[in-house]
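Each remark here refers to the structure printed beneath this line.
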Amino acid sequence: MKIIDAHAHIGYIGGWADVGITEEGLIEQMNRFDIEKTALCNEDNEITLGMMKKYPDRIIGAVYVNPLNPVTVDFMERYFEEGFKAVKLNPLRHAYCADGESLDSVMEKARKAGVPVCIHSGHPPYSLPWQIGLLAERHPDVKIMMIHMGHGHGVYIDAALKMARKYSNIWLEMSGMPMPSKIKEAYETVGHDRIMFGTDTPFHDPSVELQKVLVSGVSQEGVQRILYDNAAKFFE
């Protein structure tokens, strides 16, 4: 079965996380789990660009932007011209609210370029699903991937589903979200085409993330959509 990993990182993430993966390690992991393509990011976008050039048929570049750093915003168009297919935002990492006005210029540039925005969710006070819902409401013409679909808190997971049902421009990605039943609920109530597989490499192991999809109770057709088809369309 073909697989697209809709969310992964390259390099070392220090501090409390103390995890990392090398370029060679990522490709080996992709080969081992039959992952055809990976949507990849690094705060140093040149590292991601290098991977895109080295593995053009396997890496989907997501340009990492900090809305509080005008330099990263100014360089967005350059990376779109280089072939990046998405924007990555992490309010928790850079300490801004997901519904803040500082994101408007980023969202507008994404809209003009016709690329989706992938945004971390699940951690107060910066990246709650309700905030991402307000962002989606303010920018209805931008496709938004809510990474982790609320992450590890049941209330936030429920809110992620509610926000995605309310706003048709929100897609859900399920890495780090511990409840397989919520993958099925998203598939059935948000939409067959708006839930995607991701690993959040190197934070999580693909075997664990895959198992959550496989035991979720979704049909075989649904598994194929979640593991591949929906991401292929999202990043096209």
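FYI, nothing fancy with the structure tokens labels: chains A, B, ... in order, residues from 1 per chain, ligands from 1 as they appear.
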Review point. If we count only C-alpha atoms, what is near A:Pro70 at a cut-off of 10 Å, once residues fewer than 4 positions away on the same chain are taken out, given as a ChimeraX atom specification?
Key: /A:65-66,74-75,102,105-106
Point to revise | DSSP-assigned strand (DSSP E) among stretch 42-149 of chain A, expressed as a list of chain:residue names | key: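 Strand (DSSP E) assignments inside stretch 42-149 of chain A correspond to A:Ile59, A:Ile60, A:Gly61, A:Ala62, A:Val63, A:Tyr64, A:Ala86, A:Val87, A:Lys88, A:Leu89, A:Val117, A:Cys118, A:Ile119, A:His120, A:Ile144, A:Met145, A:Met146, A:Ile147.
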Stretch 28-77 of chain A near stretch 221-230 of chain A within 12 Å: what's each residue's closest atom pair and its distance in Å to one decimal, counting only C-alpha atoms, ordered by chain then ascending residue number, as a Markdown table?
```
| residue | atom | partner | partner_atom | distance |
| --- | --- | --- | --- | --- |
| A:Phe33 | CA | A:Leu227 | CA | 11.7 |
| A:Asp34 | CA | A:Leu227 | CA | 10.9 |
| A:Ile35 | CA | A:Tyr228 | CA | 9.2 |
| A:Glu36 | CA | A:Tyr228 | CA | 8.9 |
| A:Lys37 | CA | A:Tyr228 | CA | 9.2 |
| A:Thr38 | CA | A:Tyr228 | CA | 10.6 |
| A:Ala39 | CA | A:Tyr228 | CA | 11.9 |
```
**Study point:** Pick from A:Arg32, A:Lys233, A:His9, A:His151 nearest to A:Pro116, counting only C-alpha atoms
**Key:** A:Lys233
Review point. Could you pull out all residues of stretch 38-149 of chain A with a DSSP call of alpha helix (DSSP H) and give them as a VMD selection string?
Key: chain A and resid 45 to 54 70 to 74 76 to 81 91 to 94 104 to 113 129 to 138
Check your understanding: Which residues come within 9 Å of stretch 197-203 of chain A, counting only C-alpha atoms, excluding same-chain residues fewer than 2 positions away, as a PyMOL selection string?
Key -> chain A and resi 3-13+17+19-21+26+38-39+147-148+172-176+195+205-210+213+226-228+230-231
Point to revise | Nearest candidate to A:Trp171 (options A:Val218, A:Ser127, A:Val117, A:Arg93; using only C-alpha atoms) | key: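 Comparing A:Val218, A:Ser127, A:Val117, A:Arg93 against A:Trp171, the winner is A:Val117.
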Study note, to complete from the structure: Taken to one decimal, the atom CA of A:Ile47-atom CA of A:Met177 distance is 27.4 Å
Point to revise | Selected residue, from A:Asp104, A:Gly154, A:Ala160, A:Arg111, that lies nearest to A:Pro129 when counting only C-alpha atoms | key: A:Ala160
Practice item. In Å, rounded to a single decimal, give me how far atom CA of A:Gln211 is from atom CA of A:Cys41. Key: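 Atom CA of A:Gln211 lies at a distance of 23.7 Å from atom CA of A:Cys41.
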